[in-house]
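Enquirer: Coordinates in structure.txt, compact mmCIF, C-alpha atoms, are listed below.
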```txt
# COMPACT_ATOMS: atom_id res chain seq x y z
CA GLY A 40 0.00 0.00 0.00
CA VAL A 41 0.87 3.66 -0.12
CA ASP A 42 1.93 5.38 3.09
CA ARG A 43 0.32 8.84 3.17
CA ARG A 44 1.33 11.06 6.09
CA GLN A 45 -0.53 14.34 6.02
CA GLY A 46 1.67 16.17 8.54
CA ASP A 47 4.90 15.58 6.63
CA ARG A 48 3.05 15.65 3.28
CA SER A 49 4.97 12.59 2.08
CA VAL A 50 4.08 9.44 0.18
CA VAL A 51 6.14 6.37 -0.47
CA PHE A 52 8.44 6.40 -3.50
CA PRO A 53 8.10 3.25 -5.66
CA GLN A 54 10.00 0.19 -4.41
CA SER A 55 13.27 -0.48 -6.23
CA GLY A 56 12.02 -3.82 -7.52
CA GLY A 57 8.79 -2.36 -8.92
CA CYS A 58 8.10 -0.62 -12.20
CA THR A 59 9.13 2.97 -12.73
CA MET A 60 6.67 5.57 -11.53
CA PHE A 61 6.41 8.13 -14.33
CA GLU A 62 5.40 11.39 -12.72
CA LYS A 63 6.33 14.74 -14.19
CA VAL A 64 8.70 15.39 -11.26
CA VAL A 65 9.31 13.33 -8.12
CA VAL A 66 10.49 15.26 -5.03
CA ILE A 67 12.35 13.08 -2.51
CA ASP A 68 12.91 14.11 1.11
CA CYS A 69 16.38 12.66 1.75
CA LYS A 70 16.26 12.96 5.54
CA ASN A 71 17.21 9.72 7.37
CA HIS A 72 17.95 7.81 4.13
CA LEU A 73 21.21 5.89 3.66
CA LEU A 74 23.49 7.53 1.10
CA GLY A 75 24.39 4.61 -1.19
CA ARG A 76 21.01 2.89 -1.15
CA LEU A 77 19.16 6.10 -1.96
CA ALA A 78 21.65 7.03 -4.69
CA SER A 79 21.29 3.65 -6.43
CA ILE A 80 17.49 3.88 -6.55
CA VAL A 81 17.57 7.49 -7.77
CA ALA A 82 20.19 6.60 -10.43
CA LYS A 83 17.95 3.84 -11.81
CA GLU A 84 14.93 6.16 -11.92
CA LEU A 85 16.96 8.81 -13.77
CA LEU A 86 18.13 6.28 -16.37
CA ASN A 87 14.50 5.20 -16.84
CA GLY A 88 13.52 8.77 -17.70
CA GLN A 89 12.11 10.05 -14.40
CA ARG A 90 12.87 13.62 -13.29
CA VAL A 91 13.97 13.60 -9.63
CA VAL A 92 14.47 16.48 -7.16
CA CYS A 93 16.29 15.59 -3.92
CA VAL A 94 15.80 17.97 -0.97
CA ARG A 95 17.32 18.10 2.55
CA CYS A 96 20.53 16.40 1.41
CA GLU A 97 22.30 17.62 4.56
CA ASP A 98 20.23 15.11 6.60
CA ILE A 99 21.30 12.03 4.60
CA ASN A 100 22.80 9.28 6.80
CA ILE A 101 25.88 7.15 6.20
CA SER A 102 26.40 3.82 7.98
CA GLY A 103 29.52 3.61 10.15
CA SER A 104 30.82 5.95 12.84
CA PHE A 105 31.41 9.64 12.18
CA TYR A 106 35.15 9.41 12.82
CA ARG A 107 35.61 6.50 10.39
CA ASN A 108 33.67 8.26 7.63
CA LYS A 109 35.47 11.55 8.22
CA LEU A 110 38.82 9.78 7.74
CA LYS A 111 37.53 8.34 4.44
CA PHE A 112 36.51 11.80 3.21
CA LEU A 113 39.82 13.36 4.29
CA ASP A 114 41.65 10.57 2.43
CA LYS A 115 39.66 11.43 -0.73
CA LEU A 116 40.55 15.12 -0.37
CA ARG A 117 44.25 14.23 -0.69
CA LYS A 118 43.70 12.80 -4.16
CA ARG A 119 44.39 15.50 -6.72
CA THR A 120 46.48 16.25 -9.80
CA ASN A 121 49.97 16.71 -8.37
CA THR A 122 51.26 19.15 -10.99
CA ASN A 123 48.10 21.27 -11.17
CA PRO A 124 45.22 20.66 -8.71
CA ALA A 125 42.95 22.83 -10.92
CA HIS A 126 42.84 19.89 -13.33
CA GLY A 127 40.84 17.86 -10.79
CA PRO A 128 39.48 15.67 -9.37
CA TYR A 129 37.18 18.29 -7.82
CA HIS A 130 36.04 17.67 -4.24
CA PHE A 131 32.75 19.36 -3.46
CA ARG A 132 31.99 20.19 0.16
CA ALA A 133 28.22 20.80 0.07
CA PRO A 134 26.05 17.73 0.94
CA SER A 135 23.91 18.21 -2.19
CA ARG A 136 27.02 18.19 -4.42
CA ILE A 137 28.47 15.15 -2.62
CA PHE A 138 25.18 13.30 -3.18
CA HIS A 139 25.14 14.45 -6.83
CA ARG A 140 28.64 13.03 -7.27
CA VAL A 141 27.67 9.69 -5.67
CA ILE A 142 24.76 9.36 -8.12
CA ARG A 143 27.04 10.32 -11.03
CA GLY A 144 29.29 7.39 -10.11
CA MET A 145 26.34 5.02 -10.65
CA ILE A 146 25.48 6.39 -14.11
CA PRO A 147 27.47 6.12 -17.38
CA HIS A 148 27.72 9.94 -17.36
CA LYS A 149 30.13 10.18 -20.32
CA THR A 150 27.60 8.69 -22.74
CA HIS A 151 24.70 10.64 -24.27
CA ARG A 152 22.22 8.50 -22.30
CA GLY A 153 24.06 9.20 -19.05
CA LYS A 154 24.30 12.96 -19.70
CA CYS A 155 20.56 13.10 -20.35
CA ALA A 156 19.96 11.17 -17.10
CA MET A 157 22.10 13.57 -15.05
CA GLU A 158 20.19 16.54 -16.50
CA ARG A 159 17.01 15.08 -14.94
CA LEU A 160 18.51 15.33 -11.43
CA LYS A 161 18.39 18.28 -9.02
CA ALA A 162 19.78 18.13 -5.48
CA PHE A 163 19.37 20.79 -2.79
CA ASP A 164 20.45 21.50 0.78
CA GLY A 165 17.29 22.34 2.73
CA ILE A 166 14.00 22.78 0.84
CA PRO A 167 13.88 25.64 -1.70
CA GLU A 168 10.77 27.79 -1.79
CA GLN A 169 9.49 26.34 -5.09
CA TYR A 170 9.34 22.83 -3.54
CA GLU A 171 7.93 23.85 -0.12
CA LYS A 172 4.37 22.78 -0.89
CA SER A 173 5.23 19.89 -3.21
CA LYS A 174 4.33 16.35 -2.17
CA ARG A 175 7.58 14.92 -0.81
CA MET A 176 8.30 11.22 -1.13
CA VAL A 177 10.36 8.74 0.86
CA VAL A 178 12.14 5.55 -0.26
CA PRO A 179 11.41 2.61 2.11
CA ASP A 180 14.25 0.53 0.61
CA ALA A 181 16.77 3.20 1.62
CA PHE A 182 15.42 4.22 5.06
CA ARG A 183 18.01 3.95 7.82
CA VAL A 184 15.45 2.63 10.32
CA THR A 185 14.50 -0.28 8.03
CA ARG A 186 17.95 -1.13 6.63
CA LEU A 187 20.31 -0.58 9.58
CA LYS A 188 20.27 -2.81 12.67
CA PRO A 189 19.31 -0.90 15.86
CA GLY A 190 22.42 0.08 17.80
CA ARG A 191 24.69 0.24 14.76
CA ARG A 192 26.64 3.44 14.32
CA TYR A 193 25.80 5.98 11.64
CA CYS A 194 26.60 9.61 10.90
CA VAL A 195 24.99 12.57 9.15
CA LEU A 196 26.37 13.89 5.85
CA GLY A 197 25.84 17.54 6.90
CA ARG A 198 28.26 17.19 9.84
CA ILE A 199 30.97 15.63 7.65
CA SER A 200 30.51 18.44 5.10
CA LEU A 201 30.87 21.05 7.84
CA GLU A 202 34.16 19.56 9.04
CA ILE A 203 35.69 19.29 5.54
CA GLY A 204 34.92 22.88 4.55
CA TRP A 205 31.18 23.47 3.88
CA LYS A 206 30.50 27.09 4.87
CA HIS A 207 26.70 27.35 4.61
CA LYS A 208 25.36 25.04 7.34
CA GLU A 209 24.19 27.92 9.54
CA ALA A 210 22.47 29.67 6.62
CA VAL A 211 20.63 26.47 5.63
CA GLU A 212 19.53 25.86 9.25
CA ARG A 213 18.27 29.45 9.55
CA LEU A 214 16.27 29.19 6.30
CA GLU A 215 14.90 25.78 7.32
CA ALA A 216 13.69 27.18 10.66
CA LYS A 217 11.77 29.91 8.80
CA ARG A 218 10.33 27.34 6.38
CA LYS A 219 9.14 25.14 9.25
CA GLU A 220 7.36 28.11 10.84
CA ARG A 221 5.55 28.83 7.55
CA SER A 222 4.79 25.14 7.15
CA ALA A 223 3.26 24.93 10.65
CA VAL A 224 0.94 27.88 9.89
CA TYR A 225 -0.06 26.32 6.55
CA TRP A 226 -0.79 22.96 8.24
CA GLU A 227 -2.95 24.52 10.98
CA GLU A 228 -4.99 26.35 8.32
CA LYS A 229 -5.34 23.15 6.31
CA LYS A 230 -6.47 21.19 9.40
CA ALA A 231 -9.12 23.83 10.12
CA GLN A 232 -10.40 23.58 6.52
CA LEU A 233 -10.46 19.77 6.69
CA GLY A 234 -12.38 19.95 9.99
CA LYS A 235 -15.00 22.26 8.46
CA ALA A 236 -15.38 20.01 5.41
CA LYS A 237 -15.78 16.93 7.65
CA ALA A 238 -18.43 18.68 9.81
CA ALA A 239 -20.36 19.83 6.71
CA LYS A 240 -20.22 16.32 5.25
CA ALA A 241 -21.49 14.81 8.52
CA ALA A 242 -24.40 17.32 8.67
CA VAL A 243 -25.48 16.47 5.12
CA ALA A 244 -25.04 12.75 5.76
CA ASP A 245 -27.53 12.89 8.69
CA GLN A 246 -30.21 14.34 6.40
CA PHE A 247 -29.67 11.63 3.80
CA ASP A 248 -29.65 8.89 6.46
CA ALA A 249 -33.05 10.08 7.76
CA LYS A 250 -34.51 10.05 4.22
CA LEU A 251 -33.04 6.64 3.40
CA ALA A 252 -34.37 5.23 6.71
CA LYS A 253 -37.93 6.02 5.55
CA PHE A 254 -37.42 3.65 2.62
CA GLY A 255 -35.90 0.93 4.77
CA TYR A 256 -32.23 1.44 3.91
```
Could you show the structure in this file as structure tokens?
Expert:
Amino acid sequence: GVDRRQGDRSVVFPQSGGCTMFEKVVVIDCKNHLLGRLASIVAKELLNGQRVVCVRCEDINISGSFYRNKLKFLDKLRKRTNTNPAHGPYHFRAPSRIFHRVIRGMIPHKTHRGKCAMERLKAFDGIPEQYEKSKRMVVPDAFRVTRLKPGRRYCVLGRISLEIGWKHKEAVERLEAKRKERSAVYWEEKKAQLGKAKAAKAAVADQFDAKLAKFGY
């Protein structure tokens, strides 16, 4: 079945084993998803022609302790062109760019098919204004709570990014706090509207029930 949670405005993204879900754009809330598992599912959807927008990339989880993963990232930062580092490889610090790079590694990005697939992807830190009221989806196959054994260590991509040179964590947190305030107001208004609609429906239903009772229904 489909998991619809009104408060978070999220529905389940199609299972990795199922058929591709062709929507115009699918917005994925990356919070509490495991990096590699989420990237592999998104990569497959992109190759199948689906447009995907990934938001809240700073809240992606990685299995393994923070210290272990930080050492891995620092080891990657050492790898560069010795004679001229400007020739690459380029090491992005923002969580959205790190996630973009992970997905790129799962796609044949040098072919025409791969380039077209990468053009269908957008990744953001936080939730930009244009996606605030979009239906956000989750990927059960990549959720940390379903894939990682309780008690196992994990870390958050945003913290690693901060410690290897990402400079915009505070700005993203500030903008996210404002967005959550707006979202709370929107949700309270929506709940009030839903309550009114439910009450009106119940009032009309009573009238119909009385009429139907006369005819033995």
Enquirer: Given 3 Å on each side, where is the centre and what are the edge lengths in Å to one decimal of the axis-aligned box enclosing the listed atoms of region 202-214 of chain A, as JSON?
Expert:
```
{"center_x": 26.0, "center_y": 24.5, "center_z": 6.7, "size_x": 25.4, "size_y": 16.4, "size_z": 11.7}
```
Enquirer: Go through A:Lys253, A:Lys70, A:Lys115, A:His126 and flag the residue nearest Phe163 (chain A), using only C-alpha atoms for the distances.
Expert: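 Checking each candidate against Phe163 (chain A), we get A:Lys70 as the closest.
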Enquirer: At most 9 Å is the cut-off: for each residue in region 99-131 of chain A with any atom that close to an atom of region 174-184 of chain A, write down the nearest atom pair and the distance in Å rounded to one decimal, counting all atoms listed in the file, chain first then increasing number, as CSV.
Expert:
```
residue,atom,partner,partner_atom,distance
A:Asn100,CA,A:Arg183,CA,7.2
A:Ile101,CA,A:Arg183,CA,8.6
A:Ser102,CA,A:Arg183,CA,8.4
```
Enquirer: Those residues with C-alpha atoms, as a PDB file, in the coordinates of the input please?
Expert:
```
ATOM      1  CA  ASN A 100      22.800   9.280   6.800  1.00  0.00           C
ATOM      2  CA  ILE A 101      25.880   7.150   6.200  1.00  0.00           C
ATOM      3  CA  SER A 102      26.400   3.820   7.980  1.00  0.00           C
TER       4      SER A 102
END
```
Enquirer: Rounded to one decimal, what separation in Å do you get between CA of Lys250 (chain A) and CA of Lys235 (chain A)?
Expert: 23.4 Å
Enquirer: Please list as a ChimeraX atom specification every residue within 9 Å of region 219-222 of chain A, counting all atoms listed in the file and excluding residues in the same chain fewer than 5 positions away.
Expert: /A:171-172,214,227
Enquirer: If you measure from CA of Lys161 (chain A) to CA of Phe131 (chain A), what distance in Å do you get, rounded to one decimal?
Expert: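 It comes out at 15.4 Å.
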